[in-house]
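Asker: Pasting start-v1.tsv below, which is TSV, C-alpha atoms.
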```tsv
chain	number	residue	atom	x	y	z
A	1	MET	CA	-11.90	2.28	-11.07
A	2	LYS	CA	-10.24	-1.16	-10.92
A	3	LYS	CA	-10.99	-1.33	-7.20
A	4	HIS	CA	-14.69	-0.70	-7.86
A	5	TRP	CA	-14.84	-3.57	-10.35
A	6	ARG	CA	-12.87	-5.81	-8.00
A	7	ASP	CA	-15.34	-5.13	-5.19
A	8	MET	CA	-18.30	-5.59	-7.53
A	9	SER	CA	-16.90	-8.93	-8.74
A	10	ILE	CA	-16.39	-10.20	-5.18
A	11	LEU	CA	-19.88	-9.10	-4.14
A	12	LEU	CA	-21.42	-10.72	-7.22
A	13	GLY	CA	-19.51	-13.92	-6.50
A	14	ALA	CA	-20.82	-13.99	-2.92
A	15	ILE	CA	-24.39	-13.34	-4.13
A	16	GLY	CA	-24.17	-16.01	-6.84
A	17	ILE	CA	-22.81	-18.73	-4.55
A	18	ALA	CA	-25.36	-17.97	-1.82
A	19	ASN	CA	-28.22	-17.94	-4.36
A	20	ILE	CA	-27.34	-21.38	-5.75
A	21	GLY	CA	-26.99	-22.68	-2.21
A	22	GLU	CA	-30.43	-21.36	-1.27
A	23	TRP	CA	-32.07	-23.37	-4.06
A	24	ILE	CA	-30.19	-26.50	-2.97
A	25	TYR	CA	-31.33	-25.89	0.61
A	26	MET	CA	-35.02	-25.45	-0.24
A	27	ILE	CA	-35.21	-28.56	-2.44
A	28	ALA	CA	-33.28	-30.70	0.06
A	29	LEU	CA	-35.36	-29.41	2.98
A	30	HIS	CA	-38.66	-30.29	1.29
A	31	LEU	CA	-37.41	-33.76	0.39
A	32	LEU	CA	-36.11	-34.45	3.90
A	33	ILE	CA	-39.33	-33.37	5.59
A	34	PHE	CA	-41.49	-35.37	3.18
A	35	GLN	CA	-39.29	-38.47	3.55
A	36	GLU	CA	-39.44	-38.31	7.33
A	37	THR	CA	-43.11	-37.36	7.76
A	38	GLY	CA	-44.83	-38.45	4.54
A	39	SER	CA	-47.06	-35.40	5.00
A	40	VAL	CA	-47.72	-32.80	2.31
A	41	LEU	CA	-49.05	-30.49	5.03
A	42	ALA	CA	-45.71	-30.65	6.84
A	43	VAL	CA	-43.98	-29.44	3.66
A	44	THR	CA	-46.61	-26.76	2.99
A	45	ALA	CA	-46.05	-25.34	6.49
A	46	ILE	CA	-42.50	-24.40	5.41
A	47	TYR	CA	-43.93	-21.90	2.91
A	48	MET	CA	-45.81	-20.10	5.69
A	49	LEU	CA	-42.65	-19.55	7.72
A	50	ARG	CA	-41.14	-17.04	5.27
A	51	PRO	CA	-43.88	-14.36	5.51
A	52	ALA	CA	-44.27	-15.08	9.24
A	53	ALA	CA	-40.54	-14.46	9.76
A	54	ALA	CA	-40.77	-11.27	7.70
A	55	LEU	CA	-43.66	-10.03	9.86
A	56	LEU	CA	-41.67	-10.57	13.04
A	57	THR	CA	-38.33	-9.27	11.75
A	58	ASN	CA	-38.99	-6.31	9.49
A	59	SER	CA	-40.67	-4.21	12.17
A	60	TRP	CA	-37.32	-3.61	13.90
A	61	SER	CA	-34.45	-4.93	11.73
A	62	GLY	CA	-34.19	-1.81	9.54
A	63	SER	CA	-33.45	0.34	12.59
A	64	LEU	CA	-30.48	-1.88	13.43
A	65	ILE	CA	-29.24	-2.25	9.87
A	66	ASP	CA	-29.01	1.51	9.28
A	67	ARG	CA	-26.98	1.92	12.48
A	68	LEU	CA	-24.64	-1.07	12.23
A	69	ASN	CA	-21.78	-2.09	9.96
A	70	GLN	CA	-23.75	-3.64	7.10
A	71	ARG	CA	-20.83	-5.74	5.86
A	72	ASN	CA	-20.41	-7.37	9.26
A	73	VAL	CA	-24.17	-7.86	9.53
A	74	MET	CA	-24.14	-9.74	6.20
A	75	ILE	CA	-21.20	-11.90	7.30
A	76	SER	CA	-22.85	-12.70	10.64
A	77	LEU	CA	-26.14	-13.63	8.96
A	78	ASP	CA	-24.37	-15.88	6.43
A	79	ILE	CA	-22.53	-17.73	9.19
A	80	THR	CA	-25.68	-17.98	11.32
A	81	ARG	CA	-27.64	-19.48	8.44
A	82	ALA	CA	-24.80	-21.89	7.63
A	83	ILE	CA	-24.67	-23.22	11.20
A	84	LEU	CA	-28.46	-23.57	11.46
A	85	ILE	CA	-28.71	-25.34	8.10
A	86	ALA	CA	-25.91	-27.74	9.05
A	87	CYS	CA	-27.87	-28.62	12.22
A	88	ILE	CA	-31.20	-29.27	10.46
A	89	PRO	CA	-30.52	-32.99	9.73
A	90	PHE	CA	-29.82	-33.65	13.42
A	91	ALA	CA	-33.08	-31.95	14.45
A	92	LEU	CA	-35.03	-33.86	11.80
A	93	PHE	CA	-33.63	-37.29	12.62
A	94	SER	CA	-34.13	-36.73	16.34
A	95	GLY	CA	-37.87	-36.81	15.64
A	96	HIS	CA	-38.50	-33.34	17.08
A	97	LEU	CA	-40.32	-31.67	14.19
A	98	LEU	CA	-41.08	-28.58	16.28
A	99	ILE	CA	-37.34	-27.95	16.79
A	100	LEU	CA	-36.87	-28.24	13.02
A	101	TYR	CA	-39.55	-25.64	12.33
A	102	VAL	CA	-38.02	-23.29	14.91
A	103	MET	CA	-34.63	-23.61	13.18
A	104	VAL	CA	-36.16	-23.00	9.74
A	105	PHE	CA	-38.03	-19.99	11.17
A	106	LEU	CA	-34.73	-18.56	12.49
A	107	ILE	CA	-33.13	-19.11	9.08
A	108	GLN	CA	-35.98	-17.20	7.45
A	109	MET	CA	-35.57	-14.40	10.00
A	110	ALA	CA	-31.89	-14.16	9.06
A	111	GLN	CA	-32.88	-14.12	5.39
A	112	ALA	CA	-35.41	-11.34	6.04
A	113	MET	CA	-32.65	-9.25	7.67
A	114	PHE	CA	-30.09	-10.06	4.99
A	115	HIS	CA	-32.09	-8.51	2.13
A	116	PRO	CA	-32.24	-4.91	3.45
A	117	ALA	CA	-28.68	-5.15	4.81
A	118	SER	CA	-27.33	-6.23	1.42
A	119	MET	CA	-29.42	-3.57	-0.34
A	120	VAL	CA	-27.94	-0.81	1.83
A	121	TYR	CA	-24.40	-2.15	1.45
A	122	MET	CA	-24.67	-2.58	-2.34
A	123	THR	CA	-26.00	0.95	-2.76
A	124	GLY	CA	-23.15	2.41	-0.72
A	125	LEU	CA	-20.48	0.27	-2.38
A	126	ILE	CA	-21.45	0.55	-6.07
A	127	PRO	CA	-20.94	3.96	-7.74
A	128	ALA	CA	-24.13	5.42	-9.21
A	129	GLY	CA	-22.83	5.11	-12.78
A	130	ASN	CA	-22.23	1.36	-12.41
A	131	ARG	CA	-25.51	0.39	-10.76
A	132	LYS	CA	-27.44	-0.49	-13.91
A	133	ARG	CA	-24.68	-2.82	-15.08
A	134	PHE	CA	-24.27	-4.34	-11.60
A	135	ASN	CA	-28.01	-4.94	-11.18
A	136	ALA	CA	-28.23	-6.53	-14.65
A	137	ILE	CA	-25.40	-8.97	-13.84
A	138	ARG	CA	-26.94	-9.64	-10.43
A	139	SER	CA	-30.25	-10.46	-12.12
A	140	LEU	CA	-28.38	-12.83	-14.47
A	141	LEU	CA	-26.77	-14.60	-11.52
A	142	GLN	CA	-30.12	-14.97	-9.78
A	143	SER	CA	-31.61	-16.36	-12.98
A	144	GLY	CA	-28.71	-18.78	-13.26
A	145	GLY	CA	-29.35	-19.86	-9.69
A	146	PHE	CA	-32.96	-20.62	-10.64
A	147	LEU	CA	-31.68	-23.23	-13.11
A	148	LEU	CA	-28.31	-24.22	-11.64
A	149	GLY	CA	-29.61	-24.62	-8.09
A	150	PRO	CA	-32.10	-27.43	-8.84
A	151	ALA	CA	-29.63	-28.96	-11.33
A	152	VAL	CA	-26.83	-29.05	-8.75
A	153	ALA	CA	-29.29	-30.36	-6.14
A	154	GLY	CA	-30.26	-33.19	-8.51
A	155	LEU	CA	-26.60	-34.04	-9.10
A	156	LEU	CA	-25.92	-34.05	-5.36
A	157	PHE	CA	-28.88	-36.40	-4.83
A	158	LEU	CA	-27.32	-38.78	-7.37
A	159	ILE	CA	-23.94	-38.91	-5.65
A	160	GLY	CA	-25.18	-38.46	-2.09
A	161	THR	CA	-28.33	-37.70	-0.10
A	162	PRO	CA	-30.44	-34.63	0.74
A	163	VAL	CA	-28.48	-34.45	4.01
A	164	PHE	CA	-25.24	-34.14	2.01
A	165	SER	CA	-26.89	-31.33	0.01
A	166	MET	CA	-27.66	-29.50	3.25
A	167	TYR	CA	-23.98	-29.57	4.18
A	168	VAL	CA	-23.03	-28.32	0.71
A	169	ASN	CA	-25.38	-25.37	1.19
A	170	ALA	CA	-23.82	-24.60	4.57
A	171	ILE	CA	-20.40	-24.59	2.89
A	172	CYS	CA	-21.73	-22.23	0.18
A	173	LEU	CA	-22.84	-19.78	2.86
A	174	PHE	CA	-19.45	-19.97	4.61
A	175	ILE	CA	-17.74	-19.22	1.27
A	176	SER	CA	-20.12	-16.31	0.74
A	177	ALA	CA	-19.21	-14.97	4.20
A	178	LEU	CA	-15.47	-15.27	3.41
A	179	LEU	CA	-15.90	-13.40	0.13
A	180	THR	CA	-17.90	-10.66	1.88
A	181	LEU	CA	-15.06	-10.40	4.43
A	182	CYS	CA	-12.79	-9.29	1.55
A	183	LEU	CA	-15.01	-6.29	0.85
A	184	PRO	CA	-14.37	-2.85	2.38
A	185	ILE	CA	-16.11	-1.52	5.47
A	186	LEU	CA	-18.28	1.47	4.61
A	187	SER	CA	-18.66	4.47	6.92
A	188	ARG	CA	-21.02	3.92	9.82
A	189	SER	CA	-24.13	5.97	10.49
A	190	ALA	CA	-23.85	8.93	12.84
A	191	GLU	CA	-26.76	7.36	14.74
A	192	SER	CA	-24.86	4.13	15.41
A	193	GLN	CA	-24.10	5.05	18.99
A	194	LYS	CA	-27.77	5.29	19.97
A	195	GLY	CA	-29.15	2.48	22.07
A	196	PHE	CA	-31.83	0.17	20.72
A	197	SER	CA	-35.18	0.98	22.34
A	198	LEU	CA	-38.90	1.24	21.71
A	199	SER	CA	-38.65	5.03	21.48
A	200	MET	CA	-36.01	4.63	18.77
A	201	LEU	CA	-38.35	2.39	16.79
A	202	MET	CA	-41.11	4.98	17.12
A	203	GLU	CA	-38.76	7.71	15.90
A	204	ASP	CA	-37.74	5.57	12.94
A	205	ALA	CA	-41.38	4.88	12.04
A	206	LYS	CA	-42.02	8.63	12.01
A	207	LEU	CA	-38.90	9.13	9.88
A	208	VAL	CA	-40.13	6.59	7.30
A	209	LEU	CA	-43.55	8.26	7.28
A	210	ARG	CA	-42.01	11.72	6.77
A	211	PHE	CA	-39.82	10.42	3.96
A	212	SER	CA	-42.79	8.73	2.31
A	213	LEU	CA	-44.86	11.93	2.45
A	214	THR	CA	-42.05	14.08	1.02
A	215	SER	CA	-41.19	11.51	-1.69
A	216	ARG	CA	-44.66	10.45	-2.76
A	217	GLN	CA	-43.80	9.63	-6.35
A	218	VAL	CA	-40.83	7.48	-5.35
A	219	MET	CA	-42.85	5.50	-2.81
A	220	ALA	CA	-45.80	5.22	-5.20
A	221	VAL	CA	-43.47	3.49	-7.67
A	222	TYR	CA	-42.15	1.25	-4.89
A	223	LEU	CA	-45.61	0.23	-3.67
A	224	LEU	CA	-47.06	-0.32	-7.14
A	225	PHE	CA	-44.07	-2.39	-8.27
A	226	SER	CA	-44.21	-4.44	-5.07
A	227	ALA	CA	-47.93	-5.10	-5.56
A	228	ALA	CA	-47.50	-5.99	-9.24
A	229	MET	CA	-44.29	-8.06	-9.07
A	230	THR	CA	-44.42	-9.64	-5.60
A	231	VAL	CA	-47.82	-9.60	-3.88
A	232	LEU	CA	-50.08	-10.53	-6.81
A	233	PRO	CA	-47.66	-13.01	-8.47
A	234	THR	CA	-47.29	-14.86	-5.16
A	235	ALA	CA	-51.07	-15.18	-4.88
A	236	ILE	CA	-51.35	-16.36	-8.50
A	237	ASP	CA	-48.36	-18.73	-8.25
A	238	SER	CA	-49.89	-20.40	-5.19
A	239	LEU	CA	-52.48	-21.87	-7.60
A	240	GLU	CA	-49.97	-22.72	-10.34
A	241	THR	CA	-49.84	-26.47	-9.75
A	242	ALA	CA	-53.62	-26.78	-9.36
A	243	PHE	CA	-54.16	-24.66	-12.50
A	244	ALA	CA	-51.76	-26.80	-14.53
A	245	LYS	CA	-53.15	-30.14	-13.35
A	246	GLU	CA	-56.89	-29.46	-12.97
A	247	VAL	CA	-57.57	-26.69	-15.52
A	248	LEU	CA	-55.02	-27.38	-18.27
A	249	MET	CA	-55.03	-31.12	-17.48
A	250	LEU	CA	-51.26	-31.41	-17.93
A	251	THR	CA	-49.30	-34.56	-17.18
A	252	ASN	CA	-46.26	-34.39	-14.89
A	253	THR	CA	-43.98	-34.37	-17.94
A	254	GLU	CA	-45.92	-31.52	-19.56
A	255	TYR	CA	-45.89	-29.56	-16.32
A	256	GLY	CA	-42.13	-30.02	-16.13
A	257	LEU	CA	-41.86	-28.68	-19.70
A	258	LEU	CA	-43.96	-25.66	-18.72
A	259	VAL	CA	-41.62	-24.83	-15.84
A	260	SER	CA	-38.62	-25.36	-18.14
A	261	MET	CA	-40.02	-22.72	-20.52
A	262	ALA	CA	-40.06	-20.26	-17.64
A	263	GLY	CA	-36.44	-21.14	-16.91
A	264	ALA	CA	-35.47	-20.59	-20.54
A	265	GLY	CA	-37.25	-17.22	-20.54
A	266	ILE	CA	-35.47	-16.12	-17.37
A	267	ILE	CA	-32.01	-17.01	-18.70
A	268	LEU	CA	-32.51	-15.48	-22.17
A	269	GLY	CA	-34.10	-12.32	-20.73
A	270	ALA	CA	-31.32	-11.88	-18.16
A	271	CYS	CA	-28.62	-12.44	-20.81
A	272	LEU	CA	-30.12	-9.88	-23.20
A	273	ASN	CA	-30.70	-7.48	-20.32
A	274	SER	CA	-27.03	-7.65	-19.28
A	275	VAL	CA	-25.93	-6.91	-22.87
A	276	ILE	CA	-28.19	-3.92	-23.67
A	277	VAL	CA	-28.75	-2.53	-20.17
A	278	GLU	CA	-26.65	0.59	-20.76
A	279	ARG	CA	-28.77	1.54	-23.80
A	280	LEU	CA	-32.13	1.38	-22.02
A	281	PRO	CA	-33.53	4.11	-19.75
A	282	VAL	CA	-34.42	2.84	-16.29
A	283	SER	CA	-37.98	4.10	-16.74
A	284	ILE	CA	-38.41	1.88	-19.83
A	285	MET	CA	-37.00	-1.20	-18.09
A	286	LEU	CA	-39.15	-0.63	-15.03
A	287	GLY	CA	-42.44	0.37	-16.68
A	288	VAL	CA	-42.48	-1.58	-19.94
A	289	GLY	CA	-40.77	-4.61	-18.36
A	290	SER	CA	-43.47	-4.81	-15.67
A	291	LEU	CA	-46.21	-4.38	-18.26
A	292	PHE	CA	-44.96	-7.30	-20.36
A	293	VAL	CA	-44.64	-9.49	-17.26
A	294	ALA	CA	-48.34	-8.80	-16.63
A	295	PHE	CA	-49.17	-9.62	-20.27
A	296	GLY	CA	-47.33	-12.92	-19.89
A	297	TYR	CA	-49.39	-13.78	-16.82
A	298	LEU	CA	-52.57	-12.84	-18.69
A	299	ILE	CA	-51.70	-15.14	-21.62
A	300	TYR	CA	-51.11	-17.94	-19.11
A	301	ALA	CA	-54.41	-17.22	-17.31
A	302	PHE	CA	-56.51	-17.45	-20.49
A	303	SER	CA	-54.61	-20.42	-21.95
A	304	SER	CA	-56.30	-23.71	-22.66
A	305	THR	CA	-53.35	-25.63	-24.13
A	306	LEU	CA	-49.77	-26.34	-23.11
A	307	LEU	CA	-48.39	-24.28	-26.03
A	308	VAL	CA	-50.26	-21.08	-25.10
A	309	ALA	CA	-49.43	-21.49	-21.39
A	310	ALA	CA	-45.76	-22.02	-22.30
A	311	VAL	CA	-45.76	-18.81	-24.37
A	312	GLY	CA	-47.20	-16.93	-21.39
A	313	PHE	CA	-44.59	-18.40	-19.03
A	314	PHE	CA	-41.77	-17.52	-21.43
A	315	VAL	CA	-42.94	-13.92	-21.91
A	316	LEU	CA	-43.38	-13.19	-18.20
A	317	ALA	CA	-40.05	-14.80	-17.30
A	318	PHE	CA	-38.18	-13.07	-20.15
A	319	PHE	CA	-39.19	-9.55	-19.11
A	320	LEU	CA	-38.78	-10.14	-15.37
A	321	ALA	CA	-35.05	-9.37	-15.51
A	322	PHE	CA	-35.69	-5.99	-17.18
A	323	ALA	CA	-38.35	-5.03	-14.62
A	324	ASN	CA	-36.22	-6.06	-11.62
A	325	THR	CA	-33.07	-4.32	-12.91
A	326	GLY	CA	-35.00	-1.13	-13.58
A	327	PHE	CA	-36.64	-1.19	-10.17
A	328	MET	CA	-33.40	-1.89	-8.28
A	329	THR	CA	-31.60	0.97	-10.04
A	330	PHE	CA	-34.51	3.36	-9.53
A	331	TYR	CA	-34.73	2.45	-5.85
A	332	GLN	CA	-31.00	2.75	-5.18
A	333	THR	CA	-30.92	6.15	-6.86
A	334	ASN	CA	-33.93	7.69	-5.14
A	335	ILE	CA	-33.75	6.31	-1.57
A	336	PRO	CA	-30.98	7.86	0.57
A	337	VAL	CA	-28.63	5.15	1.80
A	338	GLU	CA	-28.83	6.57	5.36
A	339	VAL	CA	-32.48	5.54	5.68
A	340	MET	CA	-32.65	2.73	3.13
A	341	GLY	CA	-32.61	-0.09	5.69
A	342	ARG	CA	-35.53	1.38	7.62
A	343	VAL	CA	-37.57	2.19	4.52
A	344	THR	CA	-36.94	-1.25	2.98
A	345	SER	CA	-37.80	-3.11	6.18
A	346	PHE	CA	-40.97	-1.12	6.86
A	347	TYR	CA	-42.37	-1.64	3.38
A	348	ALA	CA	-41.26	-5.29	3.36
A	349	LEU	CA	-43.42	-5.68	6.47
A	350	CYS	CA	-46.40	-4.18	4.60
A	351	GLU	CA	-45.59	-6.42	1.63
A	352	ALA	CA	-45.62	-9.54	3.80
A	353	ILE	CA	-49.02	-8.65	5.28
A	354	LEU	CA	-50.48	-7.98	1.83
A	355	THR	CA	-48.96	-11.19	0.44
A	356	ILE	CA	-50.53	-13.33	3.15
A	357	GLY	CA	-53.89	-11.58	2.70
A	358	MET	CA	-53.92	-11.78	-1.12
A	359	THR	CA	-52.82	-15.43	-1.11
A	360	GLY	CA	-55.66	-16.25	1.25
A	361	ILE	CA	-58.16	-14.33	-0.90
A	362	SER	CA	-56.88	-16.05	-4.05
A	363	GLY	CA	-57.32	-19.48	-2.47
A	364	GLY	CA	-60.78	-18.53	-1.21
A	365	VAL	CA	-61.95	-17.36	-4.65
A	366	ALA	CA	-60.58	-20.57	-6.19
A	367	HIS	CA	-62.52	-22.62	-3.64
A	368	VAL	CA	-65.82	-20.71	-3.92
A	369	LEU	CA	-65.81	-20.01	-7.67
A	370	SER	CA	-63.08	-21.72	-9.69
A	371	ILE	CA	-59.31	-21.88	-10.05
A	372	ARG	CA	-59.38	-20.22	-13.49
A	373	THR	CA	-61.59	-17.38	-12.21
A	374	SER	CA	-59.18	-16.74	-9.36
A	375	VAL	CA	-56.12	-16.76	-11.64
A	376	ILE	CA	-57.74	-14.53	-14.28
A	377	THR	CA	-58.91	-12.05	-11.63
A	378	GLY	CA	-55.41	-11.88	-10.14
A	379	CYS	CA	-53.81	-11.37	-13.57
A	380	ILE	CA	-56.25	-8.61	-14.54
A	381	CYS	CA	-55.52	-6.85	-11.24
A	382	MET	CA	-51.80	-7.17	-11.98
A	383	LEU	CA	-52.24	-5.62	-15.43
A	384	LEU	CA	-54.23	-2.69	-14.00
A	385	VAL	CA	-51.58	-2.06	-11.33
A	386	CYS	CA	-48.84	-2.17	-14.00
A	387	LEU	CA	-50.74	0.33	-16.17
A	388	PHE	CA	-51.03	2.65	-13.17
A	389	LEU	CA	-47.30	2.11	-12.48
A	390	CYS	CA	-46.49	3.21	-16.04
A	391	PHE	CA	-48.69	6.28	-15.58
A	392	VAL	CA	-46.78	7.24	-12.40
A	393	ILE	CA	-43.38	6.61	-14.02
A	394	PHE	CA	-43.96	8.48	-17.28
A	395	ARG	CA	-46.09	11.38	-16.07
A	396	PRO	CA	-44.40	14.80	-15.62
A	397	LEU	CA	-42.33	14.96	-12.45
A	398	THR	CA	-44.11	16.32	-9.39
A	399	ASP	CA	-41.57	15.06	-6.84
A	400	LYS	CA	-38.48	17.29	-6.82
A	401	LYS	CA	-36.41	14.59	-5.16
A	402	ILE	CA	-37.04	11.95	-7.79
A	403	VAL	CA	-34.25	11.28	-10.24
A	404	ARG	CA	-35.31	10.43	-13.79
A	405	LEU	CA	-32.62	8.09	-15.09
A	406	THR	CA	-31.69	7.57	-18.72
```
Transcribe the structure of this file into structure tokens.
Answerer:
Amino acid sequence: MKKHWRDMSILLGAIGIANIGEWIYMIALHLLIFQETGSVLAVTAIYMLRPAAALLTNSWSGSLIDRLNQRNVMISLDITRAILIACIPFALFSGHLLILYVMVFLIQMAQAMFHPASMVYMTGLIPAGNRKRFNAIRSLLQSGGFLLGPAVAGLLFLIGTPVFSMYVNAICLFISALLTLCLPILSRSAESQKGFSLSMLMEDAKLVLRFSLTSRQVMAVYLLFSAAMTVLPTAIDSLETAFAKEVLMLTNTEYGLLVSMAGAGIILGACLNSVIVERLPVSIMLGVGSLFVAFGYLIYAFSSTLLVAAVGFFVLAFFLAFANTGFMTFYQTNIPVEVMGRVTSFYALCEAILTIGMTGISGGVAHVLSIRTSVITGCICMLLVCLFLCFVIFRPLTDKKIVRLT
């Protein structure tokens, strides 16, 4: 039992350090590019690299992850990202912006591979009875990174430069790799000896399809949660700044206060979630948590003052930790670890395509009609998806493989 908690603590430490470092990296990267180019478009292009990298990577990475040593994959990806991030200032100051974008694209590819690899490893490492607690603490660490990352970045800018912050992030990733090295190696897949080929990818695609058809209720929950908590929020959030400045007519200070309310909601929600997580059924956290996140977005969409918008931001951020913890536990319990990498990667590919499409549609509606119309439409769609998600979660079980957690 002590060994389990030791391993969980090391893994949480690695996740927490890497998460703070990622926030430092993103803020420093945006500042460096803007300082060197003076172009908002050059900064905006960075946001397009993440879904583009996911599209290129997730079609094949799951097949490798399920067959390789996931711990070593995580270590390799941490070190790769650290080296690439440490080299970014040299590429930027050389004046070759294309080289910089290639390096950032490779970093995002590594990040796209890291998520399913860490998901598979965490599921295999953490005993089923400890997963709710682990996921709650993990959510708290991620929430802390949301606030600590920018705060640490600001402090580093005071004592150094954005370049110095890049090197700090590289060090964080090296530390994360060293901590992961202290974790045990889990048993390898029986398929690990197979060579990587196009026929193998086709077989894996058929395997994911068969699993999806035999576990319809599980995958329905996955797809609905992904649509409600990733695809639609990304489309809505892409208009956040324009909504705050042009619709609510907020000053920069007021906009900063609005974002701070979201940060406060995230921290308080994650703290409460980590305290009462053992008393809440996973179905309640997943269904009701998602529903209240949608209500928070809806309050924000119909707001006309800073106070009402701040209430909406606080509500959606507060319940996000409950929804994410519930989903992670549900997913880890109902997806076999032997195929988790392939299932996660395949659906992450679908998620990336939908995210790009919905973000484009959201921007188009805002341009043709109005920003508020686009935001309200997106929030209503989110609420409808969340209601359907609750219906799927709480209806009588039709999928024999699904595990109803309490």
Asker: Could you state the separation of atom CA of Gly13 of chain A and atom CA of Gln70 of chain A in Å, given to one decimal place?
Answerer: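 Going from atom CA of Gly13 of chain A over to atom CA of Gln70 of chain A, I get 17.6 Å.
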Asker: Give me, as a VMD selection string, all polymer residues having an atom no more than 12 Å from Gly378 of chain A, counting all atoms listed in the file and skipping those fewer than 4 positions away in the same chain.
Answerer: chain A and resid 227 to 229 231 to 239 294 297 to 298 300 to 302 358 to 359 361 to 363 365 to 366 371 to 374 382 to 385
Asker: Could you tell me how far atom CA of Tyr331 of chain A sits from atom CA of Asn58 of chain A, in Å to one decimal place?
Answerer: 18.2 Å
Asker: Please identify all polymer residues within 8 Å of Ile75 of chain A, counting all atoms listed in the file, omitting same-chain residues fewer than 6 positions from it, and present them as a PyMOL selection string.
Answerer: chain A and resi 176-178+180-181
Asker: Would you mind reading off the distance between atom CA of Leu179 of chain A and atom CA of Ile335 of chain A, one decimal, in Å?
Answerer: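 So the two atoms, atom CA of Leu179 of chain A and atom CA of Ile335 of chain A, lie 26.6 Å apart.
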Asker: Please enclose the listed atoms of segment 222-234 of chain A in an axis-aligned box, pad each side by 3 Å, and write out the centre and the three edge lengths in Å, rounded to one decimal, as lines of an AutoDock Vina configuration file.
Answerer:
```
center_x = -46.1
center_y = -6.8
center_z = -6.5
size_x = 13.9
size_y = 22.1
size_z = 11.6
```
Asker: Skip Val339 of chain A itself and residues of its chain fewer than 3 positions away, then list as a PyMOL selection string all residues within 8 Å of it, counting all atoms listed in the file.
Answerer: chain A and resi 66+208+335-336+342-343
Asker: Considering only C-alpha atoms, state which residue in the set A:Ile299, A:Met122, A:Ala110, A:Leu158 is at the smallest distance from Leu186 of chain A.
Answerer: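 When distances to Leu186 of chain A are compared using only C-alpha atoms, the smallest one comes from A:Met122.
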Asker: Between A:Thr241, A:Gln108, A:Asn273, A:Gln142, which one has atoms that come closest to Tyr25 of chain A, using all atoms listed in the file?
Answerer: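 Ranked by minimum distance to Tyr25 of chain A, first place goes to A:Gln108.
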Asker: Env of Met48 of chain A: 12 Å cut, atoms = all atoms listed in the file, seq-sep filter 2 positions within chain, self excluded. Answer as a VMD selection string.
Answerer: chain A and resid 41 to 46 50 to 55 101 104 to 105 108 238 352 to 353 355 to 356 359 to 360
Asker: Within 7 Å of Leu100 of chain A, counting all atoms listed in the file, which residues show up once you throw out same-chain ones fewer than 4 positions away? Write them as a list in words, please.
Answerer: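 Here the qualifying residues turn out to be Ile88, Ala91, Leu92, His96 and Val104 of chain A.
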Asker: Considering all atoms listed in the file, can you say which of A:Leu349, A:Met166, A:Ile393, A:Leu77 comes closest to Met285 of chain A?
Answerer: A:Ile393
Asker: Which of these, A:Ala86, A:Gly287, A:Arg395, A:Ala28, has the shortest distance to Gly160 of chain A once you count only C-alpha atoms?
Answerer: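 Nearest to Gly160 of chain A: A:Ala28.
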Asker: May I ask which of the residues A:Leu320, A:Ile27, A:Ala82, A:Cys390 is the closest one to Ile175 of chain A, counting all atoms listed in the file?
Answerer: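 Once distances to Ile175 of chain A are computed over all atoms listed in the file, the minimum belongs to A:Ala82.
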